[in-house]
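entry33.cif (mmCIF, N, CA and C atoms and all ligand atoms)
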data_query
#
loop_
_atom_site.label_atom_id
_atom_site.label_comp_id
_atom_site.auth_asym_id
_atom_site.auth_seq_id
_atom_site.Cartn_x
_atom_site.Cartn_y
_atom_site.Cartn_z
N MET A 1 52.11 123.41 114.84
CA MET A 1 53.04 122.55 114.11
C MET A 1 52.87 121.11 114.61
N PRO A 2 52.71 120.15 113.71
CA PRO A 2 52.50 118.77 114.16
C PRO A 2 53.75 118.20 114.81
N ASP A 3 53.52 117.31 115.76
CA ASP A 3 54.61 116.63 116.43
C ASP A 3 55.10 115.52 115.52
N PRO A 4 56.38 115.56 115.08
CA PRO A 4 56.87 114.55 114.15
C PRO A 4 56.96 113.16 114.73
N ASP A 5 56.86 113.04 116.04
CA ASP A 5 56.95 111.71 116.66
C ASP A 5 55.59 111.06 116.82
N LEU A 6 54.52 111.72 116.38
CA LEU A 6 53.19 111.13 116.46
C LEU A 6 52.79 110.60 115.10
N ASP A 7 52.13 109.43 115.11
CA ASP A 7 51.64 108.94 113.84
C ASP A 7 50.27 109.54 113.57
N VAL A 8 49.65 109.11 112.50
CA VAL A 8 48.39 109.74 112.10
C VAL A 8 47.29 109.56 113.13
N SER A 9 47.41 108.54 113.96
CA SER A 9 46.38 108.33 114.99
C SER A 9 46.72 109.05 116.29
N GLY A 10 47.85 109.75 116.30
CA GLY A 10 48.24 110.49 117.48
C GLY A 10 49.06 109.69 118.46
N ARG A 11 49.42 108.43 118.09
CA ARG A 11 50.25 107.62 118.97
C ARG A 11 51.70 107.97 118.76
N ARG A 12 52.49 107.83 119.81
CA ARG A 12 53.94 107.95 119.67
C ARG A 12 54.40 106.72 118.91
N CYS A 13 55.30 106.91 118.00
CA CYS A 13 55.72 105.76 117.22
C CYS A 13 57.19 105.84 116.90
N ALA A 14 57.75 104.68 116.54
CA ALA A 14 59.11 104.61 116.05
C ALA A 14 59.03 104.62 114.53
N ALA A 15 59.73 105.52 113.93
CA ALA A 15 59.74 105.59 112.48
C ALA A 15 61.16 105.55 111.98
N VAL A 16 61.42 104.72 111.03
CA VAL A 16 62.73 104.67 110.40
C VAL A 16 62.72 105.72 109.30
N VAL A 17 63.57 106.70 109.42
CA VAL A 17 63.56 107.80 108.47
C VAL A 17 64.88 107.85 107.73
N ALA A 18 64.86 108.56 106.64
CA ALA A 18 66.07 108.67 105.83
C ALA A 18 67.20 109.27 106.64
N ASN A 19 68.42 108.84 106.34
CA ASN A 19 69.61 109.26 107.06
C ASN A 19 69.69 110.78 107.10
N GLY A 20 69.60 111.35 108.28
CA GLY A 20 69.79 112.77 108.47
C GLY A 20 68.59 113.61 108.11
N ASP A 21 67.52 113.01 107.63
CA ASP A 21 66.37 113.78 107.22
C ASP A 21 65.25 113.59 108.23
N ARG A 22 65.24 114.42 109.24
CA ARG A 22 64.30 114.24 110.33
C ARG A 22 62.87 114.53 109.89
N ASN A 23 62.68 115.19 108.78
CA ASN A 23 61.33 115.47 108.31
C ASN A 23 60.99 114.65 107.08
N GLY A 24 61.84 113.68 106.75
CA GLY A 24 61.61 112.88 105.56
C GLY A 24 60.46 111.90 105.74
N VAL A 25 60.04 111.36 104.64
CA VAL A 25 58.96 110.37 104.66
C VAL A 25 59.52 109.08 105.23
N PRO A 26 58.86 108.52 106.25
CA PRO A 26 59.36 107.27 106.82
C PRO A 26 59.41 106.16 105.76
N VAL A 27 60.49 105.40 105.79
CA VAL A 27 60.57 104.25 104.89
C VAL A 27 60.11 102.98 105.59
N GLY A 28 59.85 103.06 106.85
CA GLY A 28 59.34 101.93 107.59
C GLY A 28 58.84 102.43 108.92
N VAL A 29 57.75 101.92 109.38
CA VAL A 29 57.18 102.37 110.64
C VAL A 29 57.02 101.17 111.55
N GLY A 30 57.62 101.24 112.71
CA GLY A 30 57.53 100.14 113.66
C GLY A 30 56.37 100.32 114.62
N ALA A 31 56.36 99.48 115.59
CA ALA A 31 55.31 99.56 116.61
C ALA A 31 55.53 100.79 117.47
N PRO A 32 54.49 101.27 118.14
CA PRO A 32 54.68 102.39 119.06
C PRO A 32 55.75 102.06 120.09
N VAL A 33 56.57 103.03 120.39
CA VAL A 33 57.68 102.82 121.30
C VAL A 33 57.55 103.79 122.45
N GLU A 34 57.66 103.29 123.64
CA GLU A 34 57.51 104.15 124.82
C GLU A 34 58.83 104.47 125.49
N ALA A 35 59.73 103.53 125.54
CA ALA A 35 60.98 103.75 126.27
C ALA A 35 61.97 102.67 125.90
N ILE A 36 63.20 102.90 126.29
CA ILE A 36 64.22 101.89 126.10
C ILE A 36 63.98 100.76 127.09
N ALA A 37 64.20 99.55 126.63
CA ALA A 37 63.95 98.39 127.47
C ALA A 37 64.82 98.41 128.71
N PRO A 38 64.30 97.99 129.83
CA PRO A 38 65.13 97.88 131.02
C PRO A 38 66.17 96.79 130.84
N CYS A 39 67.19 96.81 131.69
CA CYS A 39 68.26 95.83 131.55
C CYS A 39 67.77 94.41 131.76
N SER A 40 66.85 94.23 132.69
CA SER A 40 66.37 92.87 132.93
C SER A 40 65.21 92.58 132.00
N GLY A 41 65.32 91.46 131.31
CA GLY A 41 64.27 91.11 130.36
C GLY A 41 64.43 91.92 129.09
N THR A 42 64.16 91.32 127.99
CA THR A 42 64.34 92.01 126.72
C THR A 42 63.07 91.89 125.90
N THR A 43 62.61 93.02 125.41
CA THR A 43 61.49 93.04 124.50
C THR A 43 62.01 93.46 123.14
N TRP A 44 61.77 92.63 122.15
CA TRP A 44 62.26 92.91 120.81
C TRP A 44 61.16 93.57 120.00
N THR A 45 61.48 94.68 119.38
CA THR A 45 60.51 95.42 118.57
C THR A 45 61.01 95.51 117.14
N ARG A 46 60.17 95.12 116.21
CA ARG A 46 60.53 95.22 114.79
C ARG A 46 60.49 96.69 114.38
N VAL A 47 61.55 97.15 113.74
CA VAL A 47 61.62 98.55 113.34
C VAL A 47 61.78 98.71 111.83
N GLY A 48 61.77 97.63 111.10
CA GLY A 48 61.91 97.70 109.65
C GLY A 48 62.69 96.49 109.18
N THR A 49 63.16 96.55 107.95
CA THR A 49 63.95 95.45 107.41
C THR A 49 65.34 95.94 107.06
N VAL A 50 66.24 95.00 106.94
CA VAL A 50 67.62 95.35 106.60
C VAL A 50 67.67 96.00 105.23
N ASP A 51 66.69 95.70 104.40
CA ASP A 51 66.66 96.30 103.06
C ASP A 51 66.30 97.79 103.10
N ASP A 52 65.81 98.27 104.23
CA ASP A 52 65.52 99.70 104.39
C ASP A 52 66.79 100.53 104.54
N ILE A 53 67.90 99.85 104.83
CA ILE A 53 69.17 100.55 105.09
C ILE A 53 70.18 100.12 104.03
N PRO A 54 70.81 101.05 103.36
CA PRO A 54 71.85 100.64 102.40
C PRO A 54 73.06 100.07 103.12
N ARG A 55 73.78 99.19 102.45
CA ARG A 55 75.03 98.69 103.05
C ARG A 55 75.94 99.87 103.37
N LEU A 56 76.58 99.80 104.53
CA LEU A 56 77.43 100.87 105.05
C LEU A 56 76.63 102.16 105.26
N GLY A 57 75.35 102.00 105.55
CA GLY A 57 74.49 103.16 105.78
C GLY A 57 73.81 103.06 107.13
N SER A 58 72.89 103.97 107.34
CA SER A 58 72.18 104.01 108.62
C SER A 58 70.79 104.59 108.44
N ARG A 59 69.99 104.39 109.44
CA ARG A 59 68.68 104.99 109.53
C ARG A 59 68.46 105.39 110.99
N VAL A 60 67.47 106.23 111.22
CA VAL A 60 67.16 106.66 112.58
C VAL A 60 65.80 106.10 112.98
N VAL A 61 65.75 105.50 114.15
CA VAL A 61 64.49 105.07 114.74
C VAL A 61 64.17 106.07 115.85
N ARG A 62 63.05 106.69 115.71
CA ARG A 62 62.63 107.66 116.73
C ARG A 62 61.87 106.94 117.82
N THR A 63 62.27 107.18 119.04
CA THR A 63 61.52 106.67 120.17
C THR A 63 60.95 107.88 120.90
N ARG A 64 60.19 107.61 121.90
CA ARG A 64 59.59 108.72 122.65
C ARG A 64 60.64 109.66 123.24
N GLY A 65 61.72 109.05 123.72
CA GLY A 65 62.69 109.87 124.42
C GLY A 65 63.91 110.27 123.62
N GLU A 66 64.30 109.46 122.64
CA GLU A 66 65.55 109.74 121.95
C GLU A 66 65.60 109.01 120.62
N ASP A 67 66.50 109.45 119.79
CA ASP A 67 66.69 108.81 118.50
C ASP A 67 67.75 107.72 118.62
N ILE A 68 67.50 106.64 117.92
CA ILE A 68 68.44 105.52 117.87
C ILE A 68 68.93 105.38 116.44
N ALA A 69 70.25 105.35 116.28
CA ALA A 69 70.83 105.13 114.96
C ALA A 69 71.00 103.63 114.74
N VAL A 70 70.52 103.15 113.60
CA VAL A 70 70.66 101.74 113.25
C VAL A 70 71.57 101.67 112.03
N PHE A 71 72.61 100.86 112.13
CA PHE A 71 73.63 100.78 111.09
C PHE A 71 73.64 99.40 110.44
N ARG A 72 73.96 99.38 109.16
CA ARG A 72 74.13 98.12 108.42
C ARG A 72 75.56 98.08 107.90
N THR A 73 76.23 96.98 108.17
CA THR A 73 77.60 96.82 107.69
C THR A 73 77.60 96.24 106.28
N SER A 74 78.78 96.15 105.71
CA SER A 74 78.89 95.63 104.35
C SER A 74 78.52 94.15 104.27
N ASP A 75 78.62 93.44 105.40
CA ASP A 75 78.25 92.03 105.40
C ASP A 75 76.88 91.82 106.07
N ASP A 76 76.06 92.84 106.05
CA ASP A 76 74.65 92.77 106.45
C ASP A 76 74.42 92.51 107.94
N ARG A 77 75.35 92.89 108.76
CA ARG A 77 75.07 92.87 110.21
C ARG A 77 74.45 94.21 110.58
N VAL A 78 73.65 94.22 111.64
CA VAL A 78 73.04 95.47 112.08
C VAL A 78 73.44 95.76 113.52
N PHE A 79 73.64 97.04 113.80
CA PHE A 79 73.99 97.53 115.13
C PHE A 79 73.15 98.77 115.40
N ALA A 80 72.90 99.01 116.68
CA ALA A 80 72.11 100.19 117.04
C ALA A 80 72.72 100.86 118.26
N MET A 81 72.62 102.18 118.27
CA MET A 81 73.09 102.95 119.42
C MET A 81 72.41 104.30 119.41
N HIS A 82 72.51 104.98 120.51
CA HIS A 82 71.91 106.30 120.59
C HIS A 82 72.60 107.22 119.58
N ASP A 83 71.80 108.07 118.99
CA ASP A 83 72.29 108.85 117.86
C ASP A 83 72.99 110.13 118.30
N ARG A 84 73.84 110.01 119.26
CA ARG A 84 74.59 111.17 119.76
C ARG A 84 76.03 110.78 120.03
N CYS A 85 76.93 111.50 119.42
CA CYS A 85 78.35 111.27 119.63
C CYS A 85 78.73 111.67 121.06
N PRO A 86 79.63 110.92 121.70
CA PRO A 86 80.03 111.28 123.07
C PRO A 86 80.89 112.54 123.12
N HIS A 87 81.37 113.00 122.00
CA HIS A 87 82.20 114.22 122.00
C HIS A 87 81.33 115.45 122.16
N LYS A 88 80.61 115.84 121.10
CA LYS A 88 79.77 117.05 121.16
C LYS A 88 78.41 116.81 120.53
N GLN A 89 77.92 115.60 120.72
CA GLN A 89 76.54 115.26 120.37
C GLN A 89 76.25 115.24 118.87
N GLY A 90 77.27 115.04 118.05
CA GLY A 90 77.03 114.91 116.61
C GLY A 90 76.12 113.73 116.32
N ARG A 91 75.44 113.80 115.20
CA ARG A 91 74.53 112.73 114.79
C ARG A 91 75.34 111.60 114.15
N LEU A 92 75.50 110.51 114.89
CA LEU A 92 76.27 109.39 114.36
C LEU A 92 75.59 108.77 113.14
N SER A 93 74.27 108.90 113.06
CA SER A 93 73.55 108.37 111.90
C SER A 93 73.97 109.06 110.61
N GLN A 94 74.63 110.20 110.72
CA GLN A 94 75.10 110.91 109.54
C GLN A 94 76.59 110.67 109.29
N GLY A 95 77.15 109.74 110.06
CA GLY A 95 78.56 109.44 109.92
C GLY A 95 78.83 108.44 108.81
N ILE A 96 80.10 108.08 108.70
CA ILE A 96 80.54 107.12 107.68
C ILE A 96 80.80 105.78 108.35
N VAL A 97 80.12 104.75 107.85
CA VAL A 97 80.28 103.40 108.39
C VAL A 97 81.41 102.71 107.64
N HIS A 98 82.31 102.10 108.42
CA HIS A 98 83.42 101.34 107.83
C HIS A 98 83.72 100.20 108.77
N GLY A 99 83.77 98.99 108.22
CA GLY A 99 83.95 97.82 109.07
C GLY A 99 82.85 97.77 110.10
N THR A 100 83.23 97.68 111.36
CA THR A 100 82.25 97.71 112.45
C THR A 100 82.43 98.98 113.27
N SER A 101 82.69 100.08 112.56
CA SER A 101 82.82 101.38 113.22
C SER A 101 82.06 102.44 112.42
N VAL A 102 81.83 103.56 113.08
CA VAL A 102 81.26 104.73 112.40
C VAL A 102 82.12 105.92 112.77
N THR A 103 82.41 106.75 111.77
CA THR A 103 83.15 107.99 112.01
C THR A 103 82.16 109.13 112.10
N CYS A 104 82.22 109.85 113.20
CA CYS A 104 81.31 110.97 113.42
C CYS A 104 81.53 112.04 112.36
N PRO A 105 80.45 112.61 111.85
CA PRO A 105 80.60 113.61 110.79
C PRO A 105 81.16 114.95 111.26
N LEU A 106 81.15 115.21 112.56
CA LEU A 106 81.57 116.53 113.00
C LEU A 106 83.07 116.67 113.19
N HIS A 107 83.67 115.76 113.95
CA HIS A 107 85.10 115.91 114.24
C HIS A 107 85.86 114.59 114.09
N ASN A 108 85.25 113.65 113.41
CA ASN A 108 85.92 112.40 113.00
C ASN A 108 86.29 111.44 114.12
N TRP A 109 85.64 111.53 115.26
CA TRP A 109 85.84 110.46 116.23
C TRP A 109 85.33 109.17 115.62
N VAL A 110 85.98 108.07 115.97
CA VAL A 110 85.56 106.76 115.47
C VAL A 110 84.96 105.98 116.63
N ILE A 111 83.73 105.51 116.43
CA ILE A 111 82.99 104.81 117.47
C ILE A 111 82.75 103.37 117.04
N GLY A 112 83.03 102.43 117.89
CA GLY A 112 82.77 101.02 117.60
C GLY A 112 81.27 100.75 117.59
N LEU A 113 80.81 100.12 116.54
CA LEU A 113 79.37 99.82 116.46
C LEU A 113 78.97 98.73 117.44
N ASP A 114 79.89 97.83 117.74
CA ASP A 114 79.55 96.70 118.60
C ASP A 114 79.56 97.06 120.07
N ASP A 115 80.41 98.02 120.46
CA ASP A 115 80.50 98.35 121.89
C ASP A 115 80.21 99.82 122.21
N GLY A 116 80.11 100.66 121.20
CA GLY A 116 79.82 102.08 121.42
C GLY A 116 81.00 102.86 121.97
N ILE A 117 82.17 102.27 122.00
CA ILE A 117 83.33 102.92 122.61
C ILE A 117 84.13 103.68 121.55
N ALA A 118 84.53 104.90 121.93
CA ALA A 118 85.38 105.72 121.04
C ALA A 118 86.76 105.08 120.95
N LYS A 119 87.29 105.07 119.74
CA LYS A 119 88.61 104.47 119.51
C LYS A 119 89.71 105.44 119.94
N ASP A 120 90.80 104.87 120.41
CA ASP A 120 91.98 105.61 120.82
C ASP A 120 92.43 106.54 119.69
N PRO A 121 92.80 107.81 119.94
CA PRO A 121 93.11 108.39 121.25
C PRO A 121 91.90 109.03 121.94
N ASP A 122 90.73 108.95 121.34
CA ASP A 122 89.57 109.59 121.95
C ASP A 122 88.99 108.71 123.03
N GLU A 123 88.21 109.32 123.91
CA GLU A 123 87.64 108.58 125.02
C GLU A 123 86.18 108.94 125.18
N GLY A 124 85.38 107.95 125.47
CA GLY A 124 83.95 108.16 125.68
C GLY A 124 83.20 106.98 125.09
N CYS A 125 81.93 106.96 125.35
CA CYS A 125 81.14 105.86 124.80
C CYS A 125 79.70 106.30 124.58
N VAL A 126 79.05 105.55 123.73
CA VAL A 126 77.65 105.75 123.39
C VAL A 126 76.89 104.51 123.89
N ARG A 127 75.72 104.73 124.43
CA ARG A 127 74.92 103.59 124.87
C ARG A 127 74.41 102.83 123.64
N THR A 128 74.74 101.56 123.58
CA THR A 128 74.28 100.75 122.47
C THR A 128 72.90 100.17 122.79
N VAL A 129 72.21 99.76 121.76
CA VAL A 129 70.91 99.12 121.89
C VAL A 129 71.02 97.75 121.24
N PRO A 130 70.69 96.69 121.96
CA PRO A 130 70.76 95.36 121.34
C PRO A 130 69.92 95.32 120.07
N ALA A 131 70.51 94.76 119.02
CA ALA A 131 69.83 94.66 117.73
C ALA A 131 70.10 93.27 117.16
N LYS A 132 69.11 92.76 116.44
CA LYS A 132 69.31 91.47 115.78
C LYS A 132 68.42 91.39 114.55
N LEU A 133 68.77 90.43 113.69
CA LEU A 133 67.96 90.16 112.50
C LEU A 133 67.18 88.88 112.72
N GLU A 134 65.94 88.91 112.30
CA GLU A 134 65.13 87.70 112.17
C GLU A 134 64.71 87.64 110.72
N GLY A 135 65.39 86.82 109.95
CA GLY A 135 65.22 86.89 108.51
C GLY A 135 65.74 88.23 108.04
N ARG A 136 64.90 89.02 107.39
CA ARG A 136 65.30 90.37 106.94
C ARG A 136 64.85 91.44 107.92
N ASP A 137 64.06 91.06 108.94
CA ASP A 137 63.53 92.03 109.89
C ASP A 137 64.58 92.45 110.91
N ILE A 138 64.62 93.75 111.18
CA ILE A 138 65.50 94.28 112.22
C ILE A 138 64.70 94.40 113.51
N LEU A 139 65.23 93.82 114.57
CA LEU A 139 64.59 93.89 115.88
C LEU A 139 65.51 94.62 116.83
N LEU A 140 64.95 95.56 117.57
CA LEU A 140 65.71 96.27 118.59
C LEU A 140 65.11 95.97 119.95
N ALA A 141 65.96 95.97 120.96
CA ALA A 141 65.50 95.73 122.32
C ALA A 141 64.98 97.03 122.92
N ILE A 142 63.81 97.41 122.46
CA ILE A 142 63.13 98.58 122.99
C ILE A 142 61.71 98.19 123.33
N VAL A 143 61.11 98.88 124.26
CA VAL A 143 59.78 98.53 124.74
C VAL A 143 58.73 99.10 123.80
N ALA A 144 57.84 98.24 123.36
CA ALA A 144 56.74 98.68 122.49
C ALA A 144 55.50 98.95 123.33
S1 LIG B 1 80.71 115.54 117.87
FE1 LIG B 1 81.42 113.64 117.14
S2 LIG B 1 83.52 113.88 116.94
FE2 LIG B 1 82.85 115.79 117.73
#

Whole structure, structure tokens version:
Amino acid sequence: MPDPDLDVSGRRCAAVVANGDRNGVPVGVGAPVEAIAPCSGTTWTRVGTVDDIPRLGSRVVRTRGEDIAVFRTSDDRVFAMHDRCPHKQGRLSQGIVHGTSVTCPLHNWVIGLDDGIAKDPDEGCVRTVPAKLEGRDILLAIVA
């Protein structure tokens, strides 16, 4: 069975895939990704364009070690965080985006997109990944 994280040349790569469809056809393919960037120093990696994500939607960027959920708000801001809910590991990329939060699809915890913190009364947090737009391009602080 082929490794879904390898591209056609056998390199590990980041692929932006359809929301919740881990075997779907990538809608954008970024540079090879090896690991999350260390805290000191930031390397920005292009992972696609904002047009790859519907407003109030999300996509998944696969890295070597983990999946990163990238979200687009109604006013075209982008946020990224690890694609695991702090409650029971639900896929936040399959949640509902509203304002600057996402509601987990499994048990409805609400997670702040900007800080990764679960909203009261729930407790916990998700590690966020710095994200920014350069024009229409989405850049994440991950090591290429
Ligand atoms: S796994 Fe997300 S709320 Fe339970």

*Find the residues around region 43-57 of chain A up to 6 Å (only C-alpha atoms counted), leave out those fewer than 2 positions away in its own chain, and share them as an MDAnalysis selection string.*
chainID A and resid 28 30 71:74 97 136:143

*asked:* List as number ranges by chain the protein and nucleic acid residues lying within 9 Å of ligand LIG 1 (chain B), with only C-alpha atoms and all ligand atoms counted.
replied: A: 84-92, 95, 103-111, 122

Take the residues that were just selected and, keeping N, CA and C atoms, output them as a compact mmCIF listing (two decimals), in the coordinates of the input.
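File produced: selection_30.txt:
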# COMPACT_ATOMS: atom_id res chain seq x y z
N ARG A 84 73.84 110.01 119.26
CA ARG A 84 74.59 111.17 119.76
C ARG A 84 76.03 110.78 120.03
N CYS A 85 76.93 111.50 119.42
CA CYS A 85 78.35 111.27 119.63
C CYS A 85 78.73 111.67 121.06
N PRO A 86 79.63 110.92 121.70
CA PRO A 86 80.03 111.28 123.07
C PRO A 86 80.89 112.54 123.12
N HIS A 87 81.37 113.00 122.00
CA HIS A 87 82.20 114.22 122.00
C HIS A 87 81.33 115.45 122.16
N LYS A 88 80.61 115.84 121.10
CA LYS A 88 79.77 117.05 121.16
C LYS A 88 78.41 116.81 120.53
N GLN A 89 77.92 115.60 120.72
CA GLN A 89 76.54 115.26 120.37
C GLN A 89 76.25 115.24 118.87
N GLY A 90 77.27 115.04 118.05
CA GLY A 90 77.03 114.91 116.61
C GLY A 90 76.12 113.73 116.32
N ARG A 91 75.44 113.80 115.20
CA ARG A 91 74.53 112.73 114.79
C ARG A 91 75.34 111.60 114.15
N LEU A 92 75.50 110.51 114.89
CA LEU A 92 76.27 109.39 114.36
C LEU A 92 75.59 108.77 113.14
N GLY A 95 77.15 109.74 110.06
CA GLY A 95 78.56 109.44 109.92
C GLY A 95 78.83 108.44 108.81
N THR A 103 82.41 106.75 111.77
CA THR A 103 83.15 107.99 112.01
C THR A 103 82.16 109.13 112.10
N CYS A 104 82.22 109.85 113.20
CA CYS A 104 81.31 110.97 113.42
C CYS A 104 81.53 112.04 112.36
N PRO A 105 80.45 112.61 111.85
CA PRO A 105 80.60 113.61 110.79
C PRO A 105 81.16 114.95 111.26
N LEU A 106 81.15 115.21 112.56
CA LEU A 106 81.57 116.53 113.00
C LEU A 106 83.07 116.67 113.19
N HIS A 107 83.67 115.76 113.95
CA HIS A 107 85.10 115.91 114.24
C HIS A 107 85.86 114.59 114.09
N ASN A 108 85.25 113.65 113.41
CA ASN A 108 85.92 112.40 113.00
C ASN A 108 86.29 111.44 114.12
N TRP A 109 85.64 111.53 115.26
CA TRP A 109 85.84 110.46 116.23
C TRP A 109 85.33 109.17 115.62
N VAL A 110 85.98 108.07 115.97
CA VAL A 110 85.56 106.76 115.47
C VAL A 110 84.96 105.98 116.63
N ILE A 111 83.73 105.51 116.43
CA ILE A 111 82.99 104.81 117.47
C ILE A 111 82.75 103.37 117.04
N ASP A 122 90.73 108.95 121.34
CA ASP A 122 89.57 109.59 121.95
C ASP A 122 88.99 108.71 123.03

*Give the strand (DSSP E or B) residues of region 72-127 of chain A, as assigned by DSSP on the backbone, as a ChimeraX atom specification.*
/A:72,78-82,96-98,101-103,110-112,117-118,125

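Assigned to helix (DSSP H, G or I) in region 29-137 of chain A, given DSSP computed from backbone atoms, are Val50, Asp51, Asp52, Leu92, Ser93 and Gln94 of chain A.
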
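As for CA of Pro130 (chain A) and CA of Ile96 (chain A), they are spaced 20.5 Å apart.
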
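Atom pair atom N of Asp75 (chain A) / CA of Lys132 (chain A) has a distance of 14.1 Å (rounded to one decimal).
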
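Atom pair atom C of Gly124 (chain A) / atom C of Ser101 (chain A) has a distance of 13.5 Å (rounded to one decimal).
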
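Nearest residue to Leu113 (chain A), choosing from A:Ala80, A:Val70, A:Arg59, A:Ala131 and counting only N, CA and C atoms: A:Ala80.
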
*Name the residues within 7 Å of (79.8, 101.6, 123.9), counting only N, CA and C atoms in the file's coordinates, and put them as a PyMOL selection string.*
chain A and resi 112+114-118+124-128

With 3 Å of padding per side, what axis-aligned box (centre and edge lengths, Å, one decimal) covers all the listed atoms of region 103-122 of chain A? Give it as AutoDock Vina command-line options.
--center_x 86.0 --center_y 106.7 --center_z 116.9 --size_x 20.1 --size_y 26.0 --size_z 18.2

Selecting N, CA and C atoms, how would region 56-67 of chain A from this structure be written as a CSV table (one decimal), in the first residue's frame?
chain,number,residue,atom,x,y,z
A,56,LEU,N,-15.1,30.0,6.0
A,56,LEU,CA,-15.6,29.2,7.1
A,56,LEU,C,-15.3,27.7,6.9
A,57,GLY,N,-14.3,27.4,6.2
A,57,GLY,CA,-13.9,26.0,6.0
A,57,GLY,C,-12.5,25.8,6.4
A,58,SER,N,-12.0,24.6,6.1
A,58,SER,CA,-10.6,24.2,6.5
A,58,SER,C,-10.1,23.2,5.5
A,59,ARG,N,-8.8,23.0,5.6
A,59,ARG,CA,-8.0,22.0,4.8
A,59,ARG,C,-7.0,21.4,5.8
A,60,VAL,N,-6.4,20.3,5.4
A,60,VAL,CA,-5.4,19.7,6.2
A,60,VAL,C,-4.1,19.7,5.4
A,61,VAL,N,-3.1,20.1,6.1
A,61,VAL,CA,-1.7,20.1,5.6
A,61,VAL,C,-1.0,18.9,6.3
A,62,ARG,N,-0.6,18.0,5.5
A,62,ARG,CA,0.1,16.8,6.1
A,62,ARG,C,1.6,17.1,6.2
A,63,THR,N,2.1,16.9,7.4
A,63,THR,CA,3.6,17.0,7.6
A,63,THR,C,4.1,15.6,7.9
A,64,ARG,N,5.4,15.5,8.0
A,64,ARG,CA,5.9,14.2,8.3
A,64,ARG,C,5.4,13.6,9.6
A,65,GLY,N,5.2,14.5,10.6
A,65,GLY,CA,4.8,14.0,11.9
A,65,GLY,C,3.4,14.1,12.2
A,66,GLU,N,2.7,15.1,11.7
A,66,GLU,CA,1.3,15.3,12.1
A,66,GLU,C,0.6,16.1,11.1
A,67,ASP,N,-0.7,16.1,11.2
A,67,ASP,CA,-1.6,16.9,10.4
A,67,ASP,C,-1.9,18.2,11.0
